[in-house]
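Everything below belongs to structure.pdb, which stores PDB, C-alpha atoms.
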```pdb
ATOM      1  CA  MET A  95       0.000   0.000   0.000  1.00  0.00           C
ATOM      2  CA  THR A  96       2.843   2.418   0.741  1.00  0.00           C
ATOM      3  CA  ALA A  97       4.102   2.341  -2.854  1.00  0.00           C
ATOM      4  CA  VAL A  98       0.622   3.292  -4.120  1.00  0.00           C
ATOM      5  CA  VAL A  99       0.339   6.135  -1.601  1.00  0.00           C
ATOM      6  CA  ASP A 100       3.833   7.359  -2.453  1.00  0.00           C
ATOM      7  CA  ALA A 101       2.924   7.265  -6.158  1.00  0.00           C
ATOM      8  CA  GLU A 102      -0.218   9.309  -5.466  1.00  0.00           C
ATOM      9  CA  ILE A 103       1.746  11.921  -3.509  1.00  0.00           C
ATOM     10  CA  THR A 104       4.393  12.061  -6.237  1.00  0.00           C
ATOM     11  CA  ALA A 105       1.711  12.450  -8.908  1.00  0.00           C
ATOM     12  CA  LEU A 106      -0.025  15.209  -6.934  1.00  0.00           C
ATOM     13  CA  LEU A 107       3.223  17.134  -6.477  1.00  0.00           C
ATOM     14  CA  SER A 108       3.981  16.786 -10.180  1.00  0.00           C
ATOM     15  CA  VAL A 109       0.554  17.969 -11.343  1.00  0.00           C
ATOM     16  CA  LEU A 110       0.578  20.902  -8.933  1.00  0.00           C
ATOM     17  CA  GLN A 111       3.996  22.002 -10.180  1.00  0.00           C
ATOM     18  CA  VAL A 112       2.792  21.936 -13.789  1.00  0.00           C
ATOM     19  CA  GLN A 113      -0.196  24.108 -12.823  1.00  0.00           C
ATOM     20  CA  ARG A 114       1.948  26.520 -10.816  1.00  0.00           C
ATOM     21  CA  ASP A 115       4.392  26.851 -13.701  1.00  0.00           C
ATOM     22  CA  HIS A 116       1.447  27.552 -16.009  1.00  0.00           C
ATOM     23  CA  VAL A 117       0.174  30.339 -13.740  1.00  0.00           C
ATOM     24  CA  LEU A 118       3.597  31.950 -13.462  1.00  0.00           C
ATOM     25  CA  GLY A 119       4.183  31.567 -17.184  1.00  0.00           C
ATOM     26  CA  ALA A 120       0.880  33.295 -17.932  1.00  0.00           C
ATOM     27  CA  VAL A 121       1.895  36.429 -16.018  1.00  0.00           C
ATOM     28  CA  GLU A 122       5.609  36.386 -16.840  1.00  0.00           C
ATOM     29  CA  GLY A 123       6.730  39.536 -18.576  1.00  0.00           C
ATOM     30  CA  LEU A 124       3.604  41.546 -17.735  1.00  0.00           C
ATOM     31  CA  SER A 125       4.284  45.011 -16.413  1.00  0.00           C
ATOM     32  CA  GLU A 126       3.254  46.043 -12.916  1.00  0.00           C
ATOM     33  CA  GLU A 127       0.415  48.017 -14.509  1.00  0.00           C
ATOM     34  CA  ALA A 128      -0.776  45.075 -16.607  1.00  0.00           C
ATOM     35  CA  LEU A 129      -0.676  42.750 -13.596  1.00  0.00           C
ATOM     36  CA  ARG A 130      -2.880  45.157 -11.609  1.00  0.00           C
ATOM     37  CA  ARG A 131      -5.290  46.084 -14.405  1.00  0.00           C
ATOM     38  CA  PRO A 132      -8.826  44.856 -13.690  1.00  0.00           C
ATOM     39  CA  VAL A 133      -9.866  42.446 -16.424  1.00  0.00           C
ATOM     40  CA  LEU A 134     -13.404  41.736 -15.211  1.00  0.00           C
ATOM     41  CA  PRO A 135     -16.172  44.014 -13.900  1.00  0.00           C
ATOM     42  CA  SER A 136     -15.605  42.541 -10.438  1.00  0.00           C
ATOM     43  CA  GLY A 137     -12.165  44.167 -10.366  1.00  0.00           C
ATOM     44  CA  TRP A 138     -10.322  40.866 -10.754  1.00  0.00           C
ATOM     45  CA  SER A 139      -6.728  41.284 -11.924  1.00  0.00           C
ATOM     46  CA  CYS A 140      -3.971  38.862 -12.822  1.00  0.00           C
ATOM     47  CA  LEU A 141      -2.088  39.820  -9.670  1.00  0.00           C
ATOM     48  CA  GLY A 142      -5.251  39.316  -7.625  1.00  0.00           C
ATOM     49  CA  MET A 143      -5.574  35.829  -9.126  1.00  0.00           C
ATOM     50  CA  VAL A 144      -2.011  34.961  -8.055  1.00  0.00           C
ATOM     51  CA  GLN A 145      -2.644  36.318  -4.564  1.00  0.00           C
ATOM     52  CA  HIS A 146      -5.885  34.308  -4.387  1.00  0.00           C
ATOM     53  CA  LEU A 147      -3.992  31.150  -5.357  1.00  0.00           C
ATOM     54  CA  THR A 148      -1.372  31.975  -2.721  1.00  0.00           C
ATOM     55  CA  LEU A 149      -3.710  32.650   0.196  1.00  0.00           C
ATOM     56  CA  SER A 150      -6.882  30.730  -0.617  1.00  0.00           C
ATOM     57  CA  VAL A 151      -5.366  27.664  -2.254  1.00  0.00           C
ATOM     58  CA  GLU A 152      -1.736  27.016  -1.342  1.00  0.00           C
ATOM     59  CA  ARG A 153      -1.965  28.394   2.203  1.00  0.00           C
ATOM     60  CA  LEU A 154      -5.584  27.606   3.079  1.00  0.00           C
ATOM     61  CA  TYR A 155      -5.987  24.144   1.629  1.00  0.00           C
ATOM     62  CA  PHE A 156      -2.585  22.706   2.364  1.00  0.00           C
ATOM     63  CA  ARG A 157      -1.290  24.430   5.486  1.00  0.00           C
ATOM     64  CA  ALA A 158      -4.672  24.894   7.203  1.00  0.00           C
ATOM     65  CA  VAL A 159      -7.039  22.197   5.893  1.00  0.00           C
ATOM     66  CA  VAL A 160      -4.516  19.387   5.400  1.00  0.00           C
ATOM     67  CA  ALA A 161      -1.950  20.226   8.099  1.00  0.00           C
ATOM     68  CA  GLY A 162      -4.134  22.099  10.599  1.00  0.00           C
ATOM     69  CA  ASP A 163      -1.483  24.762  11.251  1.00  0.00           C
ATOM     70  CA  PRO A 164      -3.091  26.951  13.977  1.00  0.00           C
ATOM     71  CA  GLU A 165      -1.212  30.098  12.905  1.00  0.00           C
ATOM     72  CA  VAL A 166      -2.496  29.732   9.352  1.00  0.00           C
ATOM     73  CA  ILE A 167      -6.024  29.010  10.582  1.00  0.00           C
ATOM     74  CA  ASP A 168      -5.917  32.278  12.552  1.00  0.00           C
ATOM     75  CA  LEU A 169      -4.642  34.135   9.459  1.00  0.00           C
ATOM     76  CA  VAL A 170      -7.423  32.708   7.297  1.00  0.00           C
ATOM     77  CA  SER A 171     -10.150  33.998   9.572  1.00  0.00           C
ATOM     78  CA  SER A 172      -8.654  37.491   9.727  1.00  0.00           C
ATOM     79  CA  GLN A 173      -7.450  38.045   6.161  1.00  0.00           C
ATOM     80  CA  ASP A 174      -9.037  40.528   3.809  1.00  0.00           C
ATOM     81  CA  SER A 175     -10.208  39.454   0.377  1.00  0.00           C
ATOM     82  CA  ALA A 176      -7.431  37.452  -1.212  1.00  0.00           C
ATOM     83  CA  TRP A 177      -8.431  38.870  -4.602  1.00  0.00           C
ATOM     84  CA  GLN A 178      -7.559  42.454  -3.614  1.00  0.00           C
ATOM     85  CA  VAL A 179      -3.865  43.349  -3.683  1.00  0.00           C
ATOM     86  CA  THR A 180      -2.945  46.480  -1.745  1.00  0.00           C
ATOM     87  CA  SER A 181      -1.542  49.212  -3.963  1.00  0.00           C
ATOM     88  CA  GLY A 182       1.764  49.478  -2.064  1.00  0.00           C
ATOM     89  CA  LEU A 183       2.603  45.788  -2.364  1.00  0.00           C
ATOM     90  CA  PRO A 184       5.002  45.221  -5.276  1.00  0.00           C
ATOM     91  CA  ALA A 185       3.933  42.609  -7.826  1.00  0.00           C
ATOM     92  CA  ALA A 186       7.274  40.835  -7.396  1.00  0.00           C
ATOM     93  CA  ASP A 187       6.454  40.316  -3.705  1.00  0.00           C
ATOM     94  CA  VAL A 188       3.098  38.731  -4.577  1.00  0.00           C
ATOM     95  CA  LEU A 189       4.767  36.395  -7.077  1.00  0.00           C
ATOM     96  CA  ASP A 190       7.546  35.515  -4.615  1.00  0.00           C
ATOM     97  CA  ARG A 191       4.979  34.797  -1.898  1.00  0.00           C
ATOM     98  CA  TYR A 192       3.151  32.475  -4.308  1.00  0.00           C
ATOM     99  CA  ARG A 193       6.363  30.533  -4.926  1.00  0.00           C
ATOM    100  CA  HIS A 194       7.097  30.419  -1.197  1.00  0.00           C
ATOM    101  CA  GLU A 195       3.613  29.206  -0.235  1.00  0.00           C
ATOM    102  CA  ALA A 196       3.820  26.579  -2.979  1.00  0.00           C
ATOM    103  CA  SER A 197       7.050  25.256  -1.467  1.00  0.00           C
ATOM    104  CA  LEU A 198       5.455  25.175   2.001  1.00  0.00           C
ATOM    105  CA  ALA A 199       2.436  23.361   0.548  1.00  0.00           C
ATOM    106  CA  ASP A 200       4.755  20.831  -1.096  1.00  0.00           C
ATOM    107  CA  ALA A 201       6.343  20.138   2.282  1.00  0.00           C
ATOM    108  CA  VAL A 202       2.889  19.511   3.776  1.00  0.00           C
ATOM    109  CA  ILE A 203       1.952  17.205   0.913  1.00  0.00           C
ATOM    110  CA  ALA A 204       5.224  15.285   1.103  1.00  0.00           C
ATOM    111  CA  ALA A 205       4.739  14.745   4.840  1.00  0.00           C
ATOM    112  CA  SER A 206       1.096  13.682   4.461  1.00  0.00           C
ATOM    113  CA  SER A 207      -0.561  10.404   3.733  1.00  0.00           C
ATOM    114  CA  ALA A 208      -2.765  10.304   0.651  1.00  0.00           C
ATOM    115  CA  ASP A 209      -5.502   8.568   2.635  1.00  0.00           C
ATOM    116  CA  ALA A 210      -5.405  10.836   5.711  1.00  0.00           C
ATOM    117  CA  ASP A 211      -8.490  12.753   6.790  1.00  0.00           C
ATOM    118  CA  LEU A 212      -8.497  16.528   6.633  1.00  0.00           C
ATOM    119  CA  VAL A 213      -7.462  18.187   9.895  1.00  0.00           C
ATOM    120  CA  TRP A 214      -9.553  21.375   9.689  1.00  0.00           C
ATOM    121  CA  TRP A 215     -12.427  22.650   7.541  1.00  0.00           C
ATOM    122  CA  PRO A 216     -13.148  26.399   7.280  1.00  0.00           C
ATOM    123  CA  PHE A 217     -16.827  26.123   6.387  1.00  0.00           C
ATOM    124  CA  PRO A 218     -18.525  24.231   9.235  1.00  0.00           C
ATOM    125  CA  GLU A 219     -21.993  25.247   8.014  1.00  0.00           C
ATOM    126  CA  SER A 220     -21.289  23.706   4.624  1.00  0.00           C
ATOM    127  CA  GLU A 221     -22.515  20.187   3.971  1.00  0.00           C
ATOM    128  CA  TRP A 222     -19.874  19.736   1.288  1.00  0.00           C
ATOM    129  CA  ARG A 223     -16.635  18.392   2.686  1.00  0.00           C
ATOM    130  CA  LEU A 224     -14.048  16.101   1.252  1.00  0.00           C
ATOM    131  CA  HIS A 225     -13.205  13.360   3.706  1.00  0.00           C
ATOM    132  CA  ASN A 226      -9.676  12.862   2.486  1.00  0.00           C
TER     133      ASN A 226
END
```
Give the structure from this file in structure tokens form.
Amino acid sequence: MTAVVDAEITALLSVLQVQRDHVLGAVEGLSEEALRRPVLPSGWSCLGMVQHLTLSVERLYFRAVVAGDPEVIDLVSSQDSAWQVTSGLPAADVLDRYRHEASLADAVIAASSADADLVWWPFPESEWRLHN
């Protein structure tokens, strides 16, 4: 069973890296202005998408939901909208934070069992919940 679980973890890490590379490749070479330009009526921007992936995917799902890190759980409940990037925050910092959170998520994944239950779920009122 361990070989199957290890193969699943390896496959997950591989697929996630391909997706992360795709995201970074899509924004590579865009100017600070282009990264911040709203592209939808909601105000969504490319930089906002990267920040959302950083905070609401890499950090939330791996470090909070999978690992149950109490510091991250506290951050999740107090963070502003992940889609909104403050004007003073350089785009390079947002992109670097995405890479950093991805590496922290990889460490969580590598240390986890593919068949383990989730440790924490942020939407207790929601009936939808993955069990593992």
Q. Of the residues A:Val160, A:Ala199, A:Leu124, A:Leu106, which is the one nearest to Leu147 (chain A), using only C-alpha atoms?
A.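 Ranking A:Val160, A:Ala199, A:Leu124, A:Leu106 by distance to Leu147 (chain A), first place goes to A:Ala199.
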Q.
For this structure, which residues satisfy the selection - the PyMOL selection byres ((chain A and resi 188) around 12) - when it is evaluated on the file as given? I want them as a ChimeraX atom specification.
A. /A:118,121,126,129-130,140-149,176-187,189-195
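In this structure, CA of Val109 (chain A) sits 22.7 Å away from CA of Val213 (chain A).
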Q: Would you please work out which residue, of A:Ile103, A:Val133, A:Leu110, A:Val159, is nearest to Ala205 (chain A) when using only C-alpha atoms?
A: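 Among A:Ile103, A:Val133, A:Leu110, A:Val159, it is A:Ile103 that comes nearest to Ala205 (chain A).
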(Q) At a cut-off of 10 Å, using all atoms listed in the file, what residues contact Val170 (chain A)? Leave out same-chain residues fewer than 6 positions from it and give the result as a VMD selection string. (A) chain A and resid 149 to 150 153 to 154 158 164 176 216
Q. Which residue out of A:Arg114, A:Glu127, A:Ala105, A:Trp138 has the minimum interatomic distance to Ser175 (chain A) when all atoms listed in the file are used?
A.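 Closest to Ser175 (chain A), using all atoms listed in the file: A:Trp138.
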Q | Near-Ala161 (chain A) list (12 Å; all atoms listed in the file; drop same-chain fewer than 6 positions) as a count of residues only | A | 21
Please put the answer as lines of an AutoDock Vina configuration file: centre and edge lengths, in Å with one decimal, of a box along x, y and z that encloses all listed atoms of region 188-198 of chain A plus 6 Å on each side.
```
center_x = 5.3
center_y = 32.0
center_z = -2.5
size_x = 16.4
size_y = 25.6
size_z = 21.1
```
Q.
Given all atoms listed in the file as the basis, pick out the residue of A:Arg131, A:Arg157, A:Ser220, A:Ala196 nearest to Val117 (chain A).
A. A:Ala196
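Between CA of Gly162 (chain A) and CA of His116 (chain A) there is a distance of 27.7 Å.
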